[in-house]
$ cat data10.tsv   # TSV, C-alpha atoms
chain	number	residue	atom	x	y	z
W	5	MET	CA	53.76	95.15	69.91
W	6	ASP	CA	56.46	97.82	69.62
W	7	ARG	CA	58.90	98.35	72.48
W	8	SER	CA	56.72	101.23	73.60
W	9	GLU	CA	53.98	103.50	72.37
W	10	ILE	CA	53.89	107.29	72.77
W	11	THR	CA	50.52	108.95	72.31
W	12	ILE	CA	50.08	112.69	71.79
W	13	ASP	CA	46.58	114.01	72.50
W	14	LEU	CA	46.11	117.15	70.42
W	15	GLY	CA	42.73	117.67	72.06
W	16	ALA	CA	44.62	118.25	75.31
W	17	VAL	CA	46.91	120.75	73.56
W	18	ARG	CA	43.91	122.69	72.29
W	19	HIS	CA	42.32	122.60	75.74
W	20	ASN	CA	45.50	123.96	77.31
W	21	ALA	CA	45.86	126.66	74.66
W	22	ARG	CA	42.32	127.86	75.27
W	23	GLY	CA	42.96	127.89	79.03
W	24	LEU	CA	46.12	129.93	78.58
W	25	LEU	CA	44.27	132.39	76.36
W	26	GLU	CA	41.68	132.79	79.08
W	27	ALA	CA	44.41	133.34	81.68
W	28	LEU	CA	46.12	135.91	79.44
W	29	ASP	CA	42.85	137.88	79.45
W	30	GLY	CA	43.12	139.59	76.07
W	31	ALA	CA	46.84	139.21	75.43
W	32	GLU	CA	47.91	136.95	72.58
W	33	LEU	CA	49.15	133.40	73.08
W	34	TRP	CA	52.43	132.59	71.36
W	35	ALA	CA	53.04	128.85	71.43
W	36	VAL	CA	56.60	127.77	72.21
W	37	VAL	CA	57.29	124.64	70.16
W	38	LYS	CA	61.09	124.50	70.35
W	39	ALA	CA	62.94	121.19	70.90
W	40	ASN	CA	60.43	119.32	68.73
W	41	GLY	CA	57.55	120.68	70.80
W	42	TYR	CA	59.19	119.63	74.08
W	43	GLY	CA	59.30	116.11	72.69
W	44	HIS	CA	55.65	116.11	71.63
W	45	GLY	CA	56.14	116.84	67.91
W	46	ALA	CA	56.55	120.48	66.90
W	47	THR	CA	54.40	120.50	63.76
W	48	ASP	CA	51.49	118.61	65.31
W	49	VAL	CA	51.46	120.79	68.42
W	50	ALA	CA	51.93	124.00	66.43
W	51	ARG	CA	48.97	123.23	64.20
W	52	ALA	CA	46.76	122.38	67.17
W	53	ALA	CA	47.80	125.51	69.05
W	54	VAL	CA	47.05	127.74	66.07
W	55	GLU	CA	43.68	126.05	65.64
W	56	ALA	CA	42.92	126.87	69.29
W	57	GLY	CA	43.83	130.53	68.91
W	58	ALA	CA	47.61	130.92	69.22
W	59	SER	CA	48.79	133.91	67.17
W	60	ALA	CA	52.46	132.97	66.74
W	61	LEU	CA	54.92	130.11	67.12
W	62	CYS	CA	58.27	130.41	68.92
W	63	VAL	CA	61.34	128.30	68.23
W	64	VAL	CA	65.07	128.55	68.93
W	65	THR	CA	66.74	127.87	65.57
W	66	VAL	CA	66.10	128.80	61.98
W	67	ALA	CA	66.14	125.08	61.14
W	68	GLU	CA	63.24	124.51	63.54
W	69	ALA	CA	61.42	127.43	61.96
W	70	LEU	CA	61.93	126.16	58.42
W	71	GLU	CA	60.49	122.78	59.35
W	72	LEU	CA	57.36	124.52	60.62
W	73	ARG	CA	57.19	126.84	57.61
W	74	ARG	CA	56.96	123.90	55.23
W	75	GLU	CA	53.81	122.68	56.96
W	76	LEU	CA	52.37	126.02	58.13
W	77	PRO	CA	53.03	128.50	55.32
W	78	ASP	CA	50.97	131.31	56.84
W	79	ALA	CA	52.03	131.04	60.48
W	80	ARG	CA	53.84	133.81	62.30
W	81	ILE	CA	57.15	132.27	63.48
W	82	VAL	CA	59.63	133.87	65.86
W	83	VAL	CA	63.21	132.58	66.23
W	84	MET	CA	64.19	133.42	69.80
W	85	CYS	CA	67.97	132.86	69.87
W	86	PRO	CA	70.75	134.59	67.91
W	87	THR	CA	71.39	133.42	64.37
W	88	GLU	CA	73.52	134.34	61.39
W	89	GLU	CA	71.15	132.66	58.91
W	90	LEU	CA	69.69	135.97	57.79
W	91	ALA	CA	69.08	135.11	54.14
W	92	GLU	CA	67.15	131.99	55.08
W	93	ALA	CA	65.12	133.95	57.64
W	94	ARG	CA	64.21	136.64	55.10
W	95	GLU	CA	63.19	134.11	52.47
W	96	ALA	CA	61.02	132.17	54.94
W	97	LYS	CA	59.47	135.36	56.36
W	98	LEU	CA	60.61	134.67	59.90
W	99	GLU	CA	60.92	137.11	62.78
W	100	LEU	CA	64.19	137.26	64.69
W	101	VAL	CA	65.16	138.20	68.23
W	102	VAL	CA	68.14	140.53	68.71
W	103	SER	CA	69.96	140.32	72.04
W	104	GLY	CA	73.07	142.29	71.11
W	105	GLY	CA	75.15	143.55	68.20
W	106	GLU	CA	73.69	145.02	65.04
W	107	THR	CA	70.02	144.81	64.18
W	108	PRO	CA	69.60	143.12	60.77
W	109	ALA	CA	67.68	145.07	58.15
W	110	GLU	CA	64.63	143.97	56.17
W	111	ILE	CA	63.62	141.39	58.75
W	112	PRO	CA	60.97	141.89	61.46
W	113	VAL	CA	62.87	142.03	64.74
W	114	HIS	CA	62.16	141.78	68.45
W	115	LEU	CA	64.64	143.48	70.78
W	116	LYS	CA	65.34	141.46	73.91
W	117	LEU	CA	66.11	143.33	77.12
W	118	ASP	CA	67.85	141.57	80.01
W	119	THR	CA	65.82	142.45	83.10
W	120	GLY	CA	67.34	139.85	85.41
W	121	MET	CA	67.83	136.52	83.65
W	122	GLY	CA	71.50	137.38	83.14
W	123	ARG	CA	71.76	135.51	79.88
W	124	TRP	CA	70.68	136.71	76.40
W	125	GLY	CA	69.56	140.31	76.29
W	126	LEU	CA	70.50	143.96	75.90
W	127	ALA	CA	71.66	145.82	79.00
W	128	GLU	CA	69.77	148.91	77.82
W	129	LEU	CA	67.04	149.38	75.26
W	130	PRO	CA	68.07	151.56	72.30
W	131	GLU	CA	65.73	153.61	70.16
W	132	PRO	CA	64.07	150.83	68.13
W	133	PRO	CA	64.79	150.89	64.39
W	134	ALA	CA	61.84	150.90	61.98
W	135	ASN	CA	61.88	147.13	61.45
W	136	VAL	CA	61.47	146.37	65.17
W	137	VAL	CA	58.02	144.90	65.77
W	138	GLY	CA	58.36	143.73	69.36
W	139	LEU	CA	60.12	144.18	72.69
W	140	MET	CA	60.68	141.26	75.02
W	141	SER	CA	62.41	139.92	78.10
W	142	HIS	CA	62.68	136.58	79.87
W	143	LEU	CA	61.56	135.84	83.41
W	144	ALA	CA	63.94	133.87	85.62
W	145	THR	CA	61.76	132.93	88.60
W	146	ALA	CA	58.07	133.17	87.71
W	147	ASP	CA	57.62	129.53	88.75
W	148	SER	CA	59.53	129.75	92.04
W	149	HIS	CA	60.13	133.32	93.27
W	150	PRO	CA	57.32	135.64	92.14
W	151	ALA	CA	58.71	138.64	94.01
W	152	PHE	CA	61.81	138.74	91.78
W	153	ALA	CA	59.67	138.12	88.71
W	154	LEU	CA	57.57	141.15	89.60
W	155	GLN	CA	60.76	143.22	89.82
W	156	GLN	CA	61.69	142.08	86.32
W	157	ILE	CA	58.22	142.91	85.04
W	158	GLU	CA	58.44	146.42	86.46
W	159	ARG	CA	61.89	146.99	84.94
W	160	PHE	CA	60.52	145.84	81.61
W	161	ARG	CA	57.47	148.08	81.91
W	162	GLU	CA	59.55	151.16	82.68
W	163	ALA	CA	62.06	150.51	79.88
W	164	THR	CA	59.45	149.80	77.22
W	165	GLU	CA	56.74	152.30	78.15
W	166	PRO	CA	57.96	154.89	75.58
W	167	TYR	CA	57.47	152.26	72.87
W	168	ALA	CA	54.14	150.83	73.96
W	169	HIS	CA	52.95	150.89	70.34
W	170	LEU	CA	55.21	147.87	69.74
W	171	THR	CA	54.20	144.37	70.84
W	172	ARG	CA	55.57	143.78	74.33
W	173	HIS	CA	55.97	140.24	75.69
W	174	ILE	CA	57.60	138.82	78.82
W	175	ALA	CA	55.17	136.23	80.26
W	176	ASN	CA	56.06	132.54	80.22
W	177	SER	CA	53.70	129.73	81.25
W	178	ALA	CA	54.09	130.34	84.98
W	179	ALA	CA	53.56	134.08	84.63
W	180	ALA	CA	50.60	133.64	82.30
W	181	LEU	CA	48.92	131.44	84.90
W	182	ARG	CA	49.81	133.32	88.09
W	183	LEU	CA	51.14	136.85	87.40
W	184	PRO	CA	48.58	139.14	85.71
W	185	ASP	CA	51.08	142.02	85.60
W	186	ALA	CA	53.15	140.04	83.08
W	187	ARG	CA	50.47	139.86	80.39
W	188	PHE	CA	51.31	142.96	78.32
W	189	ASP	CA	50.47	142.14	74.66
W	190	ALA	CA	51.43	138.46	74.39
W	191	GLY	CA	52.57	135.49	76.46
W	192	ARG	CA	55.13	133.00	75.20
W	193	CYS	CA	53.89	129.73	76.67
W	194	GLY	CA	55.60	126.38	76.34
W	195	ILE	CA	55.39	123.84	79.14
W	196	ALA	CA	51.78	124.53	80.13
W	197	LEU	CA	50.70	124.05	76.52
W	198	TYR	CA	51.69	120.40	76.90
W	199	GLY	CA	49.80	119.97	80.16
W	200	ILE	CA	52.92	119.82	82.31
W	201	SER	CA	52.99	122.05	85.36
W	202	PRO	CA	55.61	124.82	85.42
W	203	PHE	CA	55.33	124.59	89.21
W	204	GLU	CA	56.07	120.83	89.37
W	205	THR	CA	52.66	120.20	90.91
W	206	ASP	CA	49.53	118.49	89.60
W	207	PRO	CA	48.73	120.30	86.32
W	208	ALA	CA	45.01	119.94	87.04
W	209	GLN	CA	45.44	122.64	89.70
W	210	ASP	CA	45.83	125.10	86.83
W	211	GLY	CA	43.24	123.47	84.57
W	212	LEU	CA	45.84	121.75	82.40
W	213	ARG	CA	45.53	118.34	80.75
W	214	PRO	CA	48.69	116.29	79.99
W	215	ALA	CA	49.05	115.72	76.27
W	216	LEU	CA	51.58	112.89	76.34
W	217	SER	CA	51.19	109.31	77.46
W	218	TRP	CA	53.81	106.57	77.25
W	219	ARG	CA	53.10	102.86	77.52
W	220	SER	CA	54.96	99.61	77.15
W	221	ARG	CA	54.49	96.00	78.28
W	222	ILE	CA	56.11	93.29	80.34
W	223	ALA	CA	58.45	91.36	78.05
W	224	GLN	CA	59.69	88.82	80.57
W	225	VAL	CA	58.86	87.68	84.11
W	226	ARG	CA	61.21	85.91	86.47
W	227	LEU	CA	61.23	84.91	90.14
W	228	LEU	CA	64.23	86.03	92.15
W	229	GLN	CA	65.17	84.01	95.20
W	230	PRO	CA	66.68	85.66	98.31
W	231	GLY	CA	70.18	86.84	97.40
W	232	ASP	CA	69.45	87.00	93.65
W	233	SER	CA	69.83	90.38	91.94
W	234	THR	CA	68.64	92.14	88.82
W	235	GLY	CA	70.51	94.63	86.67
W	236	TYR	CA	73.99	96.08	86.49
W	237	GLY	CA	75.87	96.53	89.73
W	238	ARG	CA	73.49	94.35	91.79
W	239	ARG	CA	71.76	97.49	93.06
W	240	PHE	CA	68.66	95.44	93.82
W	241	VAL	CA	69.12	92.19	95.74
W	242	ALA	CA	66.00	90.24	96.67
W	243	GLU	CA	65.45	89.76	100.40
W	244	ARG	CA	62.57	87.35	99.81
W	245	PRO	CA	61.13	85.53	96.76
W	246	THR	CA	60.34	88.43	94.39
W	247	TRP	CA	58.70	88.51	90.98
W	248	ILE	CA	60.45	90.87	88.53
W	249	GLY	CA	58.97	92.10	85.26
W	250	THR	CA	61.35	93.27	82.55
W	251	VAL	CA	60.02	96.19	80.48
W	252	PRO	CA	61.77	96.98	77.16
W	253	VAL	CA	62.48	100.68	77.70
W	254	GLY	CA	65.64	102.22	79.10
W	255	TYR	CA	67.71	105.35	79.02
W	256	ALA	CA	68.06	105.16	75.22
W	257	ASP	CA	64.29	105.58	75.14
W	258	GLY	CA	64.28	108.44	77.65
W	259	PHE	CA	63.72	106.45	80.84
W	260	ARG	CA	66.62	107.98	82.72
W	261	ARG	CA	68.96	106.11	85.07
W	262	ASP	CA	68.05	108.48	87.90
W	263	MET	CA	64.41	107.43	87.63
W	264	THR	CA	65.20	104.21	89.51
W	265	GLY	CA	62.75	104.08	92.40
W	266	THR	CA	59.91	105.77	90.55
W	267	ALA	CA	56.64	103.93	90.01
W	268	VAL	CA	54.97	102.76	86.82
W	269	LEU	CA	51.50	101.32	86.45
W	270	VAL	CA	51.44	97.59	85.76
W	271	ASP	CA	47.95	96.51	84.76
W	272	GLY	CA	46.77	99.74	86.42
W	273	GLU	CA	48.59	99.21	89.73
W	274	ALA	CA	51.61	101.19	90.93
W	275	ARG	CA	54.80	99.13	90.94
W	276	ARG	CA	58.34	100.24	91.80
W	277	VAL	CA	61.21	100.36	89.30
W	278	VAL	CA	64.19	98.62	90.92
W	279	GLY	CA	67.84	98.04	90.15
W	280	THR	CA	69.86	99.96	87.59
W	281	VAL	CA	68.04	101.34	84.56
W	282	SER	CA	69.89	100.00	81.53
W	283	MET	CA	70.01	101.29	77.98
W	284	ASP	CA	67.15	99.13	76.77
W	285	ALA	CA	65.26	97.81	79.80
W	286	ILE	CA	63.97	98.45	83.30
W	287	ALA	CA	63.06	96.00	86.05
W	288	VAL	CA	59.76	96.36	87.90
W	289	GLU	CA	59.02	94.71	91.23
W	290	LEU	CA	55.75	92.77	91.00
W	291	ASP	CA	53.52	91.41	93.75
W	292	ARG	CA	52.74	88.24	91.81
W	293	GLU	CA	53.48	86.42	88.57
W	294	LEU	CA	51.92	88.24	85.62
W	295	PRO	CA	51.74	87.16	81.99
W	296	VAL	CA	54.12	88.45	79.36
W	297	GLY	CA	52.38	91.26	77.49
W	298	THR	CA	50.78	92.82	80.60
W	299	SER	CA	50.39	96.57	80.01
W	300	VAL	CA	52.77	99.04	81.63
W	301	THR	CA	52.01	102.76	81.77
W	302	ILE	CA	55.05	104.99	82.22
W	303	VAL	CA	53.20	108.31	81.77
W	304	GLY	CA	49.44	108.60	81.63
W	305	ASP	CA	46.33	107.16	83.28
W	306	GLY	CA	46.87	109.58	86.16
W	307	LEU	CA	50.60	108.90	86.47
W	308	LEU	CA	52.17	112.32	85.94
W	309	ILE	CA	55.51	113.14	84.37
W	310	GLU	CA	56.04	115.45	87.36
W	311	ARG	CA	56.28	112.37	89.63
W	312	HIS	CA	59.17	110.96	87.62
W	313	ALA	CA	60.85	114.37	87.58
W	314	ASN	CA	60.62	114.56	91.35
W	315	VAL	CA	62.30	111.16	91.74
W	316	ALA	CA	65.03	112.14	89.26
W	317	GLY	CA	65.60	115.50	90.93
W	318	THR	CA	64.83	117.40	87.75
W	319	ILE	CA	61.89	119.13	86.04
W	320	GLY	CA	59.13	117.82	83.82
W	321	TYR	CA	60.56	119.74	80.86
W	322	GLU	CA	63.70	117.59	80.84
W	323	ILE	CA	61.83	114.29	81.10
W	324	ALA	CA	59.50	115.22	78.23
W	325	CYS	CA	62.31	116.47	75.97
W	326	GLY	CA	64.29	113.29	76.58
W	327	ILE	CA	61.63	110.79	75.48
W	328	ASN	CA	62.78	109.14	72.26
W	329	SER	CA	59.87	108.95	69.82
W	330	GLU	CA	61.95	107.89	66.82
W	331	ALA	CA	60.28	105.11	64.85
W	332	THR	CA	63.25	102.84	65.52
W	333	ARG	CA	62.50	102.91	69.27
W	334	ALA	CA	58.78	103.54	69.69
W	335	ARG	CA	55.45	103.76	67.96
W	336	ARG	CA	54.12	107.32	67.97
W	337	VAL	CA	50.37	107.86	67.80
W	338	VAL	CA	48.67	111.24	67.44
W	339	THR	CA	45.03	111.62	68.41
W	340	ASN	CA	42.71	114.56	67.99
$ encode --input "data10.tsv" --output "structure tokens"
Amino acid sequence: MDRSEITIDLGAVRHNARGLLEALDGAELWAVVKANGYGHGATDVARAAVEAGASALCVVTVAEALELRRELPDARIVVMCPTEELAEAREAKLELVVSGGETPAEIPVHLKLDTGMGRWGLAELPEPPANVVGLMSHLATADSHPAFALQQIERFREATEPYAHLTRHIANSAAALRLPDARFDAGRCGIALYGISPFETDPAQDGLRPALSWRSRIAQVRLLQPGDSTGYGRRFVAERPTWIGTVPVGYADGFRRDMTGTAVLVDGEARRVVGTVSMDAIAVELDRELPVGTSVTIVGDGLLIERHANVAGTIGYEIACGINSEATRARRVVTN
């Protein structure tokens, strides 16, 4: 068996896309597939999202867009961050987002207004040139502070009302699910598309199904005696005879060092990760001797990525984006 196996369930992606379309209540769904589809595989997710009704695909770089264009020649693709690769964008029929400076000609453009994110965006909205097809902004707190998000939405509404004939879009996943005022003409949804909660709660609460599962196996079992340790720095020292299973994934695979203390499922039962996570292995505390080859679920079978994020003090987005699905480290399986 490979060191680990990562499975992407495109049926879950389609389910989530349809749920987001229902939540958007008539507004379009634009699928955000940047960062290799949040670690899920941009082309696979993009195709599934379009099949389920997404009207456009959103990425960050022209390179990401060109990769999609090769596989999806007819898709509408929006590059959301500034770029100087104008010739490539024109040739590939991409749409660009302008957050400042001059508006490039002969390319469909979205003007981005800063309504409170304090990052990319125009301070004021100019009279849109003829090649502007959309107006947008970016919510800073839709997942955590809806009152401020509603202020942003109202600023956006007031600034763009004279140009309501253009496509207006501000909703992210959290706003699409919880803030009806953010719908406008389209919602740019990323994390919820993958079945990961933007609120760091159980995604099932919002009708979402996780699309990614990650499994490995026990590669070695040893019995520690009291005073014996496992891993760098002797961060775990046995207080009693303790069985330890070594699992061949580590931070090079995306199992972060700050996930020590999280639980994985060993033969379906929750077991604690102990000691220091190394580059290529983790140690799992067992309640008994188990055979080499026993299955270990890192994500899936009810074990949510949000749980690992909580232990690591981060968000599910970062865990998902950090999983290494390169063929040299893991076997990647895509199911429909």
$ residues_near_point --input "data10.tsv" --point "(53.9, 135.7, 62.4)" --cutoff "9 Å" --atoms "all atoms listed in the file" --output "number ranges by chain"
W: 59-61, 78-82, 97-99
$ write_last_selection --input "data10.tsv" --atoms "C-alpha atoms" --output "JSON list (two decimals), in the coordinates of the input"
[["chain", "number", "residue", "atom", "x", "y", "z"],
["W", 59, "SER", "CA", 48.79, 133.91, 67.17],
["W", 60, "ALA", "CA", 52.46, 132.97, 66.74],
["W", 61, "LEU", "CA", 54.92, 130.11, 67.12],
["W", 78, "ASP", "CA", 50.97, 131.31, 56.84],
["W", 79, "ALA", "CA", 52.03, 131.04, 60.48],
["W", 80, "ARG", "CA", 53.84, 133.81, 62.30],
["W", 81, "ILE", "CA", 57.15, 132.27, 63.48],
["W", 82, "VAL", "CA", 59.63, 133.87, 65.86],
["W", 97, "LYS", "CA", 59.47, 135.36, 56.36],
["W", 98, "LEU", "CA", 60.61, 134.67, 59.90],
["W", 99, "GLU", "CA", 60.92, 137.11, 62.78]]
$ atom_distance --input "data10.tsv" --atom1 "atom CA of Leu290 of chain W" --atom2 "atom CA of Cys325 of chain W"
28.8 Å
$ closest_residue --input "data10.tsv" --among "W:Thr47, W:Thr301, W:Gln224, W:Ser103" --to "Leu117 of chain W" --atoms "all atoms listed in the file"
W:Ser103
$ residues_around --input "data10.tsv" --residues "Gly43 of chain W" --least-positions-apart "3" --cutoff "9 Å" --atoms "all atoms listed in the file" --output "mmCIF file with C-alpha atoms, keeping the file's coordinate frame"
data_model
loop_
_atom_site.group_PDB
_atom_site.id
_atom_site.type_symbol
_atom_site.label_atom_id
_atom_site.label_comp_id
_atom_site.auth_asym_id
_atom_site.auth_seq_id
_atom_site.Cartn_x
_atom_site.Cartn_y
_atom_site.Cartn_z
ATOM 1 C CA LYS W 38 61.090 124.500 70.350
ATOM 2 C CA ALA W 39 62.940 121.190 70.900
ATOM 3 C CA ASN W 40 60.430 119.320 68.730
ATOM 4 C CA ALA W 46 56.550 120.480 66.900
ATOM 5 C CA ILE W 323 61.830 114.290 81.100
ATOM 6 C CA ALA W 324 59.500 115.220 78.230
ATOM 7 C CA CYS W 325 62.310 116.470 75.970
ATOM 8 C CA GLY W 326 64.290 113.290 76.580
ATOM 9 C CA ILE W 327 61.630 110.790 75.480
ATOM 10 C CA ASN W 328 62.780 109.140 72.260
ATOM 11 C CA SER W 329 59.870 108.950 69.820
#
$ closest_residue --input "data10.tsv" --among "W:Thr266, W:Thr280, W:Thr65, W:Gln156" --to "Leu307 of chain W" --atoms "all atoms listed in the file"
W:Thr266
$ residues_around --input "data10.tsv" --residues "Pro86 of chain W" --least-positions-apart "2" --cutoff "9 Å" --atoms "only C-alpha atoms" --output "compact mmCIF listing (two decimals) with C-alpha atoms, in the frame of the given file"
# COMPACT_ATOMS: atom_id res chain seq x y z
CA VAL W 64 65.07 128.55 68.93
CA THR W 65 66.74 127.87 65.57
CA VAL W 83 63.21 132.58 66.23
CA MET W 84 64.19 133.42 69.80
CA GLU W 88 73.52 134.34 61.39
CA LEU W 100 64.19 137.26 64.69
CA VAL W 101 65.16 138.20 68.23
CA VAL W 102 68.14 140.53 68.71
CA SER W 103 69.96 140.32 72.04
CA GLY W 104 73.07 142.29 71.11
CA TRP W 124 70.68 136.71 76.40
